[in-house]
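**Student:** Here it is, the structure in full.
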Protein chains: 2
Amino acid sequence: MTSIRGARERARIELTAAIKDEARRQLAAEGAAKLSLRAVARELGMASSAIYRYYPSRDELLTALIVDAYDAIGEAAESALAPAVAPTPSAPAAPSAPSTTRDLIACWVDVCRATRAWALAHPHEYALIYGSPVPGYSAPQTTTGPAARVAGALISLVREAHRTKGLAVPVLPAALRAEAERLAADVAPDLPPAVGIALATVWAQLFGLISFEVFGQFNRVVEERDAFFAHAAAGLAREVGLTGP
Amino acid sequence: MTSIRGARERARIELTAAIKDEARRQLAAEGAAKLSLRAVARELGMASSAIYRYYPSRDELLTALIVDAYDAIGEAAESALAPAVAPTPSAPAAPSAPSTTRDLIACWVDVCRATRAWALAHPHEYALIYGSPVPGYSAPQTTTGPAARVAGALISLVREAHRTKGLAVPVLPAALRAEAERLAADVAPDLPPAVGIALATVWAQLFGLISFEVFGQFNRVVEERDAFFAHAAAGLAREVGLTGP
DNA sequence: GTCTATACCCCGATAGAC
DNA sequence: GTCTATCGGGGTATAGAC
């Protein structure tokens, strides 16, 4: 009995995955706005009505794809920071870890590079999460956690730099003091408030660089994209306060 | 006779404008991917077939909207730089114009602010040009000119700074020397090559900041957006080499 | 949980009358 | 230049049999 229940559950899980795979294929072909449950079902050889047992509406499927994409790009970013920082903030690395400042800047660039590499390899899923909002769709709260993972990776690097005294705190105009306090309390209470502002800034700038490349704005403008990006990412590290050796 | 031809021409121009207006309304409601000639015609009270006399296909209408959007955001950017720099590069301002370096940084921030203000006021048209590419649509070459206007405004400011010795030329890694030469030859042969790389970088970063705000990525993260953006834009000015007083 | 059938909507594009 | 009519597709979502 448990085996039957297990088999059924397994079948359901596999079909759910197959639906998402096919949906991703359609995302690439037609874009998120035209993602259609019918077409997914057709391609999978099911009746259009059968798919509603798995996703009760088009928006639920879209949400699943968005969460998957945020998780995937977040995981790409996190895996690039493994050498320099403990993967889970809840299990702080032994403070004996000998990470030097030079390591941290290189690691910052690696995290940026890994994020960019995922985006270039999955342009349509990237567009789903960092491109134009899908008209008529509003992402539920469940997406905010996964959405924060790339930023979390960047923050953990800055935190590590702060711990090892490798962080130059940026200056801040008076008009942003209150905002900085609020932001720091939300995302990194252990860091100087000015760092939160700098992080939000370079966070948006990083995705500006990636989006311009993925969306084609650099076509016939920037050609040596790898070197260009690495240079820009190092600039962002400096801007956020990571200091070189 | 000329008056009849004139009247006909005027009617055609007015209807063309009405079609674009309605299409922009639909852009806001449904997104570019679902822009439909039929729906535009319906809303205008015409038969769906009549609209083909004005735009022979959906893509032609889309192209018209894209060109209009690039022109509008470009004009917004250019009008903010009027005080510091001659509007048309072909008519160089009298070199007596007493623009100081301080003026140029303030003007840079104003250009960024004007660009952002247009984007926030026209989010759907902004998404059309700086968001995800429209699936199945490929922009023709005619869009590249208007697309370069915002960047052109930024370049003209940097050129003015260079002319008045207010530009610090950024350092450049060896891996980017060739790319810098090529890029500079294309967009600003009169400026040091390293400046072209810096310009491309801050250009993408500027739109990263704007896109995050327009597309909602700053929701519940950055609240004091005006001050935050002004601070970031000033940072970009520094990054590109504009030096303060 | 899957199927067929159905109601009711949408689209791009063209033909041919007026 | 505008109309009606039409071709040939597409979609969401539900009802009810198996």
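Residue numbering restarts at 1 in every chain; chains get A, B, ... in the order shown in the structure tokens, and ligands count up from 1 in that same order.
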Identify every residue of chain B that has at least one atom within 8 Å of any atom of chain A, counting only C-alpha atoms, and report the result as a compact mmCIF listing (two decimals) with N, CA, C and O atoms, in the first residue's frame.

**Tutor:**
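Saved file out_8.txt follows:
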# COMPACT_ATOMS: atom_id res chain seq x y z
N ALA B 29 -1.92 47.80 -20.73
CA ALA B 29 -2.89 46.86 -20.19
C ALA B 29 -2.47 45.41 -20.38
O ALA B 29 -2.68 44.57 -19.51
N GLU B 30 -1.85 45.10 -21.52
CA GLU B 30 -1.63 43.70 -21.86
C GLU B 30 -0.17 43.35 -22.13
O GLU B 30 0.17 42.17 -22.21
N GLY B 31 0.64 44.35 -22.34
CA GLY B 31 2.04 44.07 -22.64
C GLY B 31 2.30 43.96 -24.12
O GLY B 31 1.40 43.72 -24.92
N ALA B 33 3.84 41.74 -25.88
CA ALA B 33 3.69 40.44 -26.51
C ALA B 33 2.26 40.22 -27.00
O ALA B 33 2.03 39.47 -27.93
N LYS B 34 1.31 40.88 -26.35
CA LYS B 34 -0.09 40.67 -26.72
C LYS B 34 -0.68 41.85 -27.47
O LYS B 34 -1.89 41.92 -27.65
N ALA B 127 9.50 49.51 -20.52
CA ALA B 127 9.69 48.06 -20.59
C ALA B 127 9.85 47.59 -22.04
O ALA B 127 10.57 46.64 -22.33
N GLY B 131 13.26 46.45 -21.37
CA GLY B 131 12.90 45.22 -20.68
C GLY B 131 13.22 44.01 -21.53
O GLY B 131 14.05 44.07 -22.45
N SER B 132 12.55 42.91 -21.24
CA SER B 132 12.77 41.69 -22.00
C SER B 132 12.45 41.93 -23.47
O SER B 132 11.50 42.63 -23.80
N PRO B 133 13.24 41.34 -24.35
CA PRO B 133 12.91 41.43 -25.78
C PRO B 133 11.54 40.81 -26.04
O PRO B 133 11.14 39.87 -25.36
N VAL B 134 10.83 41.37 -27.01
CA VAL B 134 9.53 40.81 -27.37
C VAL B 134 9.77 39.52 -28.17
O VAL B 134 10.45 39.57 -29.20
N PRO B 135 9.23 38.39 -27.73
CA PRO B 135 9.49 37.12 -28.42
C PRO B 135 9.01 37.19 -29.86
O PRO B 135 7.92 37.67 -30.14
N GLY B 136 9.82 36.72 -30.76
CA GLY B 136 9.44 36.68 -32.17
C GLY B 136 9.59 37.99 -32.90
O GLY B 136 9.36 38.07 -34.10
N PRO B 173 42.57 47.70 -17.53
CA PRO B 173 43.39 46.49 -17.59
C PRO B 173 43.85 46.23 -19.02
O PRO B 173 43.14 46.61 -19.98
N ALA B 175 43.79 43.67 -20.77
CA ALA B 175 42.90 42.83 -21.55
C ALA B 175 41.85 43.65 -22.29
O ALA B 175 41.20 43.15 -23.22
N LEU B 176 41.65 44.90 -21.89
CA LEU B 176 40.60 45.70 -22.51
C LEU B 176 41.13 46.81 -23.42
O LEU B 176 40.35 47.60 -23.96
N GLU B 179 39.77 46.45 -27.04
CA GLU B 179 38.33 46.73 -27.02
C GLU B 179 38.08 48.23 -26.84
O GLU B 179 37.18 48.80 -27.47
N LEU B 183 35.99 50.55 -29.39
CA LEU B 183 34.78 51.22 -28.91
C LEU B 183 34.90 52.74 -29.06
O LEU B 183 33.97 53.41 -29.53
N ILE B 197 35.06 52.65 -22.38
CA ILE B 197 34.73 51.50 -21.53
C ILE B 197 33.96 51.96 -20.30
O ILE B 197 32.93 51.37 -19.94
N ALA B 200 30.39 52.88 -21.28
CA ALA B 200 29.52 51.71 -21.51
C ALA B 200 29.12 51.09 -20.17
O ALA B 200 27.98 50.65 -19.99
N THR B 201 30.06 51.07 -19.24
CA THR B 201 29.78 50.47 -17.93
C THR B 201 28.72 51.26 -17.17
O THR B 201 27.71 50.69 -16.72
N ALA B 204 25.14 51.02 -18.69
CA ALA B 204 24.38 49.83 -18.29
C ALA B 204 23.96 49.92 -16.83
O ALA B 204 22.86 49.51 -16.46
N GLN B 205 24.83 50.44 -16.01
CA GLN B 205 24.53 50.53 -14.57
C GLN B 205 23.39 51.50 -14.31
O GLN B 205 22.53 51.26 -13.45
N LEU B 206 23.39 52.60 -15.04
CA LEU B 206 22.30 53.58 -14.90
C LEU B 206 20.95 52.92 -15.18
O LEU B 206 20.01 53.05 -14.40
N PHE B 207 20.89 52.17 -16.27
CA PHE B 207 19.61 51.53 -16.60
C PHE B 207 19.31 50.36 -15.67
O PHE B 207 18.15 49.97 -15.51
N GLY B 208 20.33 49.81 -15.04
CA GLY B 208 20.09 48.82 -14.01
C GLY B 208 19.35 49.44 -12.83
O GLY B 208 18.36 48.87 -12.33
N LEU B 209 19.80 50.61 -12.42
CA LEU B 209 19.13 51.30 -11.32
C LEU B 209 17.70 51.65 -11.69
O LEU B 209 16.76 51.45 -10.92
N SER B 211 15.77 50.31 -14.07
CA SER B 211 14.94 49.12 -14.28
C SER B 211 14.52 48.49 -12.96
O SER B 211 13.38 48.05 -12.80
N PHE B 212 15.43 48.44 -11.99
CA PHE B 212 15.05 47.86 -10.70
C PHE B 212 13.92 48.65 -10.06
O PHE B 212 13.03 48.07 -9.45
N PHE B 215 10.67 48.17 -12.46
CA PHE B 215 10.15 46.81 -12.49
C PHE B 215 9.84 46.25 -11.10
O PHE B 215 9.47 45.09 -10.96
N VAL B 221 12.52 47.32 -0.37
CA VAL B 221 13.96 47.30 -0.17
C VAL B 221 14.48 48.73 -0.07
O VAL B 221 15.03 49.13 0.95
N VAL B 222 14.27 49.49 -1.13
CA VAL B 222 14.67 50.90 -1.13
C VAL B 222 13.40 51.74 -1.09
O VAL B 222 12.51 51.56 -1.92
N GLU B 223 13.33 52.65 -0.15
CA GLU B 223 12.11 53.45 -0.01
C GLU B 223 12.33 54.91 -0.41
O GLU B 223 11.52 55.50 -1.11
N GLU B 224 13.43 55.47 0.02
CA GLU B 224 13.71 56.87 -0.31
C GLU B 224 14.35 56.93 -1.69
O GLU B 224 15.55 57.18 -1.85
N ALA B 227 16.33 60.27 -3.29
CA ALA B 227 17.65 60.52 -2.72
C ALA B 227 18.61 59.39 -3.08
O ALA B 227 19.78 59.62 -3.40
N PHE B 228 18.10 58.17 -3.01
CA PHE B 228 18.94 57.01 -3.35
C PHE B 228 19.45 57.13 -4.78
O PHE B 228 20.64 56.95 -5.05
N HIS B 231 22.05 59.92 -5.31
CA HIS B 231 23.34 59.49 -4.77
C HIS B 231 24.04 58.53 -5.73
O HIS B 231 25.24 58.67 -6.02
N ALA B 232 23.29 57.57 -6.23
CA ALA B 232 23.88 56.59 -7.15
C ALA B 232 24.33 57.25 -8.44
O ALA B 232 25.40 56.93 -8.98

**Student:** Show me which bits of chain B are within 8 Å of chain D, counting only C-alpha atoms (C1' of nucleotides), as a list in words.

**Tutor:**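 Result: Ala47, Ala50 and Arg53 of chain B.
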
**Student:** Write a file of the just-selected residues containing all heavy atoms, as a CSV table (one decimal), in the first residue's frame.

**Tutor:**
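Wrote it out as selection.csv, contents follow:
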chain,number,residue,atom,x,y,z
B,47,ALA,N,-13.0,48.7,-38.7
B,47,ALA,CA,-12.9,47.3,-39.0
B,47,ALA,C,-11.4,46.9,-38.8
B,47,ALA,O,-10.5,47.7,-39.1
B,47,ALA,CB,-13.4,47.0,-40.4
B,50,ALA,N,-9.2,47.5,-41.8
B,50,ALA,CA,-8.8,48.9,-42.2
B,50,ALA,C,-7.5,49.4,-41.6
B,50,ALA,O,-6.8,50.2,-42.3
B,50,ALA,CB,-9.9,49.9,-41.7
B,53,ARG,N,-4.1,49.5,-43.6
B,53,ARG,CA,-3.7,50.6,-44.5
B,53,ARG,C,-2.7,51.5,-43.8
B,53,ARG,O,-2.0,52.3,-44.4
B,53,ARG,CB,-4.9,51.4,-44.9
B,53,ARG,CG,-5.9,50.6,-45.6
B,53,ARG,CD,-5.6,50.5,-47.1
B,53,ARG,NE,-6.4,49.5,-47.7
B,53,ARG,CZ,-6.3,49.1,-49.0
B,53,ARG,NH1,-5.3,49.6,-49.7
B,53,ARG,NH2,-7.1,48.2,-49.5

**Student:** Over every C-alpha pair, in sequence order, do a least-squares fit of chain A onto chain B and save the fitted chain as a compact mmCIF listing (two decimals) with C-alpha atoms, in the first residue's frame.

**Tutor:**
# COMPACT_ATOMS: atom_id res chain seq x y z
CA MET A 1 -6.77 70.23 -55.02
CA THR A 2 -3.76 70.77 -52.88
CA SER A 3 -6.14 71.50 -50.03
CA ILE A 4 -7.94 68.20 -50.56
CA ARG A 5 -4.67 66.36 -50.73
CA GLY A 6 -3.60 68.27 -47.64
CA ALA A 7 -6.79 67.37 -45.82
CA ARG A 8 -6.41 63.72 -46.68
CA GLU A 9 -2.83 63.72 -45.59
CA ARG A 10 -3.75 65.42 -42.36
CA ALA A 11 -6.46 62.85 -41.67
CA ARG A 12 -4.02 60.07 -42.29
CA ILE A 13 -1.48 61.60 -39.95
CA GLU A 14 -4.08 62.05 -37.26
CA LEU A 15 -5.34 58.50 -37.54
CA THR A 16 -1.80 57.19 -37.46
CA ALA A 17 -1.27 59.07 -34.23
CA ALA A 18 -4.56 57.82 -32.82
CA ILE A 19 -3.57 54.25 -33.62
CA LYS A 20 -0.28 54.67 -31.80
CA ASP A 21 -2.02 56.27 -28.82
CA GLU A 22 -4.44 53.41 -28.53
CA ALA A 23 -1.62 50.92 -28.99
CA ARG A 24 0.25 52.55 -26.11
CA ARG A 25 -2.85 52.21 -23.98
CA GLN A 26 -2.92 48.51 -24.79
CA LEU A 27 0.77 48.21 -24.09
CA ALA A 28 0.03 49.33 -20.55
CA ALA A 29 -2.89 46.98 -20.15
CA GLU A 30 -1.64 43.80 -21.77
CA GLY A 31 2.02 44.15 -22.57
CA ALA A 32 3.90 44.20 -25.83
CA ALA A 33 3.61 40.48 -26.45
CA LYS A 34 -0.16 40.74 -26.65
CA LEU A 35 -0.40 43.95 -28.61
CA SER A 36 -3.13 43.25 -31.14
CA LEU A 37 -4.11 45.16 -34.24
CA ARG A 38 -7.67 43.89 -33.89
CA ALA A 39 -8.10 45.25 -30.42
CA VAL A 40 -6.70 48.62 -31.48
CA ALA A 41 -9.12 48.77 -34.38
CA ARG A 42 -12.04 47.73 -32.18
CA GLU A 43 -11.28 50.44 -29.64
CA LEU A 44 -11.02 53.01 -32.42
CA GLY A 45 -14.33 51.92 -33.92
CA MET A 46 -12.78 50.75 -37.17
CA ALA A 47 -13.01 47.41 -38.85
CA SER A 48 -10.03 45.24 -38.06
CA SER A 49 -9.06 45.13 -41.70
CA ALA A 50 -8.94 48.91 -42.08
CA ILE A 51 -5.94 49.24 -39.82
CA TYR A 52 -3.74 47.34 -42.24
CA ARG A 53 -3.77 50.44 -44.45
CA TYR A 54 -1.77 52.19 -41.74
CA TYR A 55 0.43 49.45 -40.38
CA PRO A 56 0.88 46.43 -42.60
CA SER A 57 1.62 44.18 -39.66
CA ARG A 58 1.77 44.04 -35.93
CA ASP A 59 5.55 44.26 -36.01
CA GLU A 60 5.52 47.53 -37.95
CA LEU A 61 3.33 49.08 -35.30
CA LEU A 62 5.63 47.74 -32.62
CA THR A 63 8.60 49.28 -34.37
CA ALA A 64 6.86 52.66 -34.50
CA LEU A 65 6.17 52.47 -30.76
CA ILE A 66 9.76 51.52 -30.03
CA VAL A 67 11.17 54.39 -32.07
CA ASP A 68 8.79 56.82 -30.38
CA ALA A 69 9.82 55.56 -26.94
CA TYR A 70 13.53 55.82 -27.65
CA ASP A 71 13.01 59.32 -29.01
CA ALA A 72 10.96 60.37 -26.00
CA ILE A 73 13.40 59.12 -23.38
CA GLY A 74 16.29 60.49 -25.43
CA GLU A 75 14.66 63.88 -25.63
CA ALA A 76 14.06 63.85 -21.88
CA ALA A 77 17.74 63.16 -21.31
CA GLU A 78 18.90 65.76 -23.83
CA SER A 79 16.69 68.52 -22.52
CA ALA A 80 18.26 68.09 -19.08
CA LEU A 81 21.69 68.77 -20.51
CA ALA A 82 20.78 71.91 -22.37
CA PRO A 83 22.26 74.29 -19.75
CA ALA A 84 25.73 72.77 -19.89
CA VAL A 85 26.26 71.70 -23.45
CA ALA A 86 25.21 72.66 -26.96
CA PRO A 87 22.12 70.63 -27.93
CA THR A 88 23.42 69.68 -31.38
CA PRO A 89 26.99 68.46 -31.64
CA SER A 90 27.02 69.85 -35.18
CA ALA A 91 26.64 73.39 -33.80
CA PRO A 92 29.29 73.49 -31.09
CA ALA A 93 28.53 76.03 -28.40
CA ALA A 94 30.64 79.13 -28.30
CA PRO A 95 33.70 77.98 -26.34
CA SER A 96 33.10 80.99 -24.13
CA ALA A 97 30.35 79.07 -22.30
CA PRO A 98 31.58 79.13 -18.71
CA SER A 99 30.72 75.63 -17.62
CA THR A 100 32.60 74.61 -14.50
CA THR A 101 33.26 71.06 -13.41
CA ARG A 102 30.74 71.34 -10.61
CA ASP A 103 28.13 72.24 -13.17
CA LEU A 104 28.95 69.15 -15.15
CA ILE A 105 28.50 66.72 -12.29
CA ALA A 106 25.22 68.37 -11.35
CA CYS A 107 24.18 68.24 -14.98
CA TRP A 108 25.12 64.56 -15.21
CA VAL A 109 22.88 63.84 -12.26
CA ASP A 110 20.10 65.90 -13.90
CA VAL A 111 20.37 63.91 -17.11
CA CYS A 112 20.15 60.67 -15.15
CA ARG A 113 17.24 62.01 -13.18
CA ALA A 114 15.36 63.11 -16.30
CA THR A 115 15.88 59.70 -17.86
CA ARG A 116 14.61 58.01 -14.71
CA ALA A 117 11.64 60.37 -14.46
CA TRP A 118 10.55 59.54 -17.99
CA ALA A 119 10.88 55.83 -17.24
CA LEU A 120 8.79 56.07 -14.09
CA ALA A 121 6.16 58.10 -15.91
CA HIS A 122 6.00 55.65 -18.84
CA PRO A 123 6.80 52.25 -17.34
CA HIS A 124 5.27 50.20 -20.14
CA GLU A 125 6.99 52.06 -22.91
CA TYR A 126 10.18 51.79 -20.88
CA ALA A 127 9.68 48.05 -20.60
CA LEU A 128 9.25 47.92 -24.36
CA ILE A 129 12.75 49.30 -24.97
CA TYR A 130 14.76 48.28 -21.91
CA GLY A 131 12.89 45.21 -20.68
CA SER A 132 12.77 41.68 -22.02
CA PRO A 133 12.90 41.44 -25.79
CA VAL A 134 9.51 40.83 -27.36
CA PRO A 135 9.47 37.15 -28.43
CA GLY A 136 9.41 36.71 -32.16
CA TYR A 137 10.14 40.34 -32.81
CA SER A 138 13.46 41.61 -34.04
CA ALA A 139 14.00 45.36 -34.11
CA PRO A 140 15.10 46.73 -37.49
CA GLN A 141 18.15 48.92 -37.92
CA THR A 142 16.02 52.06 -37.92
CA THR A 143 15.75 51.87 -34.14
CA THR A 144 19.47 52.11 -33.45
CA GLY A 145 19.71 55.85 -34.01
CA PRO A 146 17.00 56.84 -31.53
CA ALA A 147 18.26 54.14 -29.15
CA ALA A 148 21.58 55.94 -28.85
CA ARG A 149 20.26 59.31 -27.74
CA VAL A 150 20.47 58.85 -23.97
CA ALA A 151 23.99 57.51 -24.28
CA GLY A 152 24.73 60.44 -26.59
CA ALA A 153 23.66 62.88 -23.92
CA LEU A 154 25.98 61.26 -21.41
CA ILE A 155 28.84 61.25 -23.91
CA SER A 156 28.42 64.93 -24.70
CA LEU A 157 28.77 65.73 -21.00
CA VAL A 158 31.93 63.71 -20.71
CA ARG A 159 33.25 65.38 -23.84
CA GLU A 160 32.56 68.78 -22.34
CA ALA A 161 34.42 67.74 -19.20
CA HIS A 162 37.34 66.58 -21.28
CA ARG A 163 37.40 69.89 -23.13
CA THR A 164 37.56 71.83 -19.87
CA LYS A 165 40.12 69.48 -18.31
CA GLY A 166 37.60 68.18 -15.81
CA LEU A 167 37.95 64.55 -16.74
CA ALA A 168 40.08 61.97 -14.95
CA VAL A 169 40.91 59.19 -17.35
CA PRO A 170 40.22 55.85 -15.65
CA VAL A 171 42.79 53.07 -15.57
CA LEU A 172 42.23 50.14 -17.85
CA PRO A 173 43.40 46.51 -17.64
CA ALA A 174 45.55 45.39 -20.54
CA ALA A 175 42.91 42.88 -21.61
CA LEU A 176 40.61 45.74 -22.56
CA ARG A 177 43.01 47.99 -24.48
CA ALA A 178 42.03 46.75 -27.93
CA GLU A 179 38.35 46.78 -27.09
CA ALA A 180 38.68 50.32 -25.79
CA GLU A 181 40.32 51.50 -29.01
CA ARG A 182 37.60 49.92 -31.11
CA LEU A 183 34.79 51.26 -28.95
CA ALA A 184 36.23 54.77 -28.80
CA ALA A 185 36.64 54.85 -32.57
CA ASP A 186 32.94 54.03 -32.87
CA VAL A 187 31.38 56.36 -30.36
CA ALA A 188 33.81 59.09 -29.36
CA PRO A 189 37.03 59.30 -31.37
CA ASP A 190 37.92 62.55 -29.64
CA LEU A 191 38.03 61.03 -26.15
CA PRO A 192 40.68 58.84 -24.51
CA PRO A 193 39.86 55.19 -25.25
CA ALA A 194 39.53 54.20 -21.60
CA VAL A 195 36.62 56.61 -21.28
CA GLY A 196 34.55 54.61 -23.77
CA ILE A 197 34.75 51.52 -21.58
CA ALA A 198 33.79 53.52 -18.52
CA LEU A 199 30.88 55.07 -20.38
CA ALA A 200 29.53 51.73 -21.54
CA THR A 201 29.79 50.47 -17.98
CA VAL A 202 27.97 53.32 -16.28
CA TRP A 203 25.45 53.38 -19.12
CA ALA A 204 24.39 49.82 -18.33
CA GLN A 205 24.55 50.49 -14.60
CA LEU A 206 22.32 53.55 -14.91
CA PHE A 207 19.62 51.50 -16.61
CA GLY A 208 20.10 48.78 -14.03
CA LEU A 209 19.15 51.26 -11.33
CA ILE A 210 16.19 52.54 -13.32
CA SER A 211 14.95 49.09 -14.30
CA PHE A 212 15.09 47.80 -10.73
CA GLU A 213 12.92 50.70 -9.67
CA VAL A 214 10.48 50.53 -12.59
CA PHE A 215 10.18 46.76 -12.51
CA GLY A 216 9.57 46.59 -8.79
CA GLN A 217 12.78 44.94 -7.60
CA PHE A 218 13.26 47.72 -5.06
CA ASN A 219 9.84 47.14 -3.50
CA ARG A 220 10.26 46.71 0.24
CA VAL A 221 14.01 47.19 -0.20
CA VAL A 222 14.71 50.79 -1.14
CA GLU A 223 12.14 53.33 -0.01
CA GLU A 224 13.74 56.78 -0.30
CA ARG A 225 14.13 56.35 -4.00
CA ASP A 226 14.78 59.95 -5.07
CA ALA A 227 17.67 60.44 -2.69
CA PHE A 228 18.96 56.94 -3.34
CA PHE A 229 18.98 57.48 -7.08
CA ALA A 230 20.61 60.89 -6.92
CA HIS A 231 23.36 59.43 -4.76
CA ALA A 232 23.90 56.54 -7.14
CA ALA A 233 23.90 58.81 -10.19
CA ALA A 234 26.57 61.00 -8.62
CA GLY A 235 28.57 57.82 -8.02
CA LEU A 236 28.31 56.98 -11.72
CA ALA A 237 29.60 60.45 -12.60
CA ARG A 238 32.64 59.84 -10.44
CA GLU A 239 33.12 56.40 -11.92
CA VAL A 240 33.19 57.77 -15.45
CA GLY A 241 35.83 60.27 -14.51
CA LEU A 242 33.97 63.51 -13.86
CA THR A 243 35.89 65.10 -11.02
CA GLY A 244 34.32 67.27 -8.37
CA PRO A 245 35.35 70.84 -7.58

**Student:** Could you find all residues in segment 6-244 of chain B that DSSP calls alpha helix (DSSP H) from the backbone, and write them as a VMD selection string?

**Tutor:** chain B and resid 6 to 30 37 to 44 58 to 81 101 to 121 123 to 130 144 to 147 149 to 163 177 to 187 193 to 214 225 to 240

**Student:** Taking only C-alpha atoms (C1' of nucleotides) into account, report as a compact mmCIF listing (two decimals) with all heavy atoms, in the first residue's frame which residues of chain C lie within 12 Å of chain B.

**Tutor:**
# COMPACT_ATOMS: atom_id res chain seq x y z
P DC C 10 -13.51 38.73 -27.70
OP1 DC C 10 -13.48 40.11 -27.18
OP2 DC C 10 -14.37 38.34 -28.82
O5' DC C 10 -12.02 38.29 -28.07
C5' DC C 10 -10.96 38.45 -27.12
C4' DC C 10 -9.74 37.73 -27.63
O4' DC C 10 -10.07 36.35 -27.85
C3' DC C 10 -9.25 38.21 -28.98
O3' DC C 10 -8.43 39.34 -28.85
C2' DC C 10 -8.43 37.02 -29.45
C1' DC C 10 -9.21 35.83 -28.85
N1 DC C 10 -10.03 35.10 -29.84
C2 DC C 10 -9.39 34.26 -30.77
O2 DC C 10 -8.15 34.17 -30.73
N3 DC C 10 -10.15 33.59 -31.67
C4 DC C 10 -11.46 33.73 -31.67
N4 DC C 10 -12.17 33.03 -32.57
C5 DC C 10 -12.13 34.57 -30.74
C6 DC C 10 -11.37 35.24 -29.85
P DC C 11 -8.25 40.31 -30.09
OP1 DC C 11 -7.56 41.50 -29.59
OP2 DC C 11 -9.53 40.42 -30.81
O5' DC C 11 -7.23 39.49 -30.99
C5' DC C 11 -5.95 39.16 -30.47
C4' DC C 11 -5.23 38.26 -31.44
O4' DC C 11 -6.02 37.08 -31.66
C3' DC C 11 -5.06 38.87 -32.82
O3' DC C 11 -3.84 39.59 -32.83
C2' DC C 11 -4.99 37.65 -33.73
C1' DC C 11 -5.78 36.58 -32.97
N1 DC C 11 -7.09 36.18 -33.55
C2 DC C 11 -7.14 35.30 -34.63
O2 DC C 11 -6.06 34.87 -35.10
N3 DC C 11 -8.33 34.94 -35.13
C4 DC C 11 -9.45 35.42 -34.59
N4 DC C 11 -10.63 35.03 -35.12
C5 DC C 11 -9.43 36.33 -33.49
C6 DC C 11 -8.24 36.68 -33.00
P DG C 12 -3.55 40.66 -33.92
OP1 DG C 12 -2.36 41.41 -33.48
OP2 DG C 12 -4.79 41.37 -34.27
O5' DG C 12 -3.14 39.73 -35.15
C5' DG C 12 -1.99 38.93 -35.05
C4' DG C 12 -1.73 38.28 -36.39
O4' DG C 12 -2.85 37.45 -36.73
C3' DG C 12 -1.57 39.28 -37.54
O3' DG C 12 -0.53 38.84 -38.39
C2' DG C 12 -2.93 39.25 -38.23
C1' DG C 12 -3.39 37.83 -37.99
N9 DG C 12 -4.85 37.70 -37.88
C8 DG C 12 -5.67 38.43 -37.06
N7 DG C 12 -6.92 38.10 -37.16
C5 DG C 12 -6.94 37.08 -38.10
C6 DG C 12 -8.02 36.33 -38.62
O6 DG C 12 -9.22 36.42 -38.34
N1 DG C 12 -7.60 35.40 -39.56
C2 DG C 12 -6.30 35.21 -39.94
N2 DG C 12 -6.06 34.26 -40.85
N3 DG C 12 -5.26 35.91 -39.46
C4 DG C 12 -5.67 36.82 -38.55
P DA C 13 -0.02 39.83 -39.55
OP1 DA C 13 1.37 39.46 -39.87
OP2 DA C 13 -0.35 41.23 -39.17
O5' DA C 13 -0.94 39.41 -40.76
C5' DA C 13 -0.98 38.03 -41.12
C4' DA C 13 -2.09 37.82 -42.13
O4' DA C 13 -3.36 37.83 -41.48
C3' DA C 13 -2.17 38.89 -43.22
O3' DA C 13 -1.77 38.31 -44.45
C2' DA C 13 -3.64 39.32 -43.25
C1' DA C 13 -4.31 38.23 -42.42
N9 DA C 13 -5.51 38.70 -41.71
C8 DA C 13 -5.58 39.71 -40.80
N7 DA C 13 -6.80 39.91 -40.32
C5 DA C 13 -7.57 38.96 -40.97
C6 DA C 13 -8.94 38.65 -40.91
N6 DA C 13 -9.80 39.28 -40.14
N1 DA C 13 -9.38 37.64 -41.70
C2 DA C 13 -8.50 36.99 -42.50
N3 DA C 13 -7.19 37.20 -42.62
C4 DA C 13 -6.78 38.21 -41.83
P DT C 14 -1.76 39.23 -45.79
OP1 DT C 14 -0.67 38.69 -46.61
OP2 DT C 14 -1.85 40.66 -45.43
O5' DT C 14 -3.14 38.82 -46.48
C5' DT C 14 -3.42 37.43 -46.66
C4' DT C 14 -4.80 37.26 -47.22
O4' DT C 14 -5.78 37.63 -46.23
C3' DT C 14 -5.10 38.11 -48.46
O3' DT C 14 -5.61 37.24 -49.48
C2' DT C 14 -6.15 39.11 -47.98
C1' DT C 14 -6.83 38.33 -46.87
N1 DT C 14 -7.51 39.14 -45.83
C2 DT C 14 -8.83 38.93 -45.57
O2 DT C 14 -9.49 38.08 -46.15
N3 DT C 14 -9.36 39.73 -44.60
C4 DT C 14 -8.71 40.71 -43.87
O4 DT C 14 -9.30 41.37 -43.03
C5 DT C 14 -7.32 40.89 -44.20
C7 DT C 14 -6.52 41.93 -43.49
C6 DT C 14 -6.79 40.11 -45.15
P DA C 15 -5.81 37.83 -50.97
OP1 DA C 15 -5.20 36.82 -51.87
OP2 DA C 15 -5.40 39.24 -51.05
O5' DA C 15 -7.40 37.75 -51.12
C5' DA C 15 -8.11 36.63 -50.61
C4' DA C 15 -9.57 36.74 -51.02
O4' DA C 15 -10.29 37.48 -50.00
C3' DA C 15 -9.81 37.50 -52.32
O3' DA C 15 -10.93 36.92 -52.99
C2' DA C 15 -10.10 38.92 -51.86
C1' DA C 15 -10.81 38.68 -50.53
N9 DA C 15 -10.59 39.71 -49.51
C8 DA C 15 -9.42 40.35 -49.21
N7 DA C 15 -9.52 41.22 -48.22
C5 DA C 15 -10.85 41.13 -47.84
C6 DA C 15 -11.60 41.78 -46.85
N6 DA C 15 -11.08 42.68 -46.02
N1 DA C 15 -12.91 41.46 -46.73
C2 DA C 15 -13.42 40.54 -47.56
N3 DA C 15 -12.82 39.86 -48.53
C4 DA C 15 -11.53 40.20 -48.62
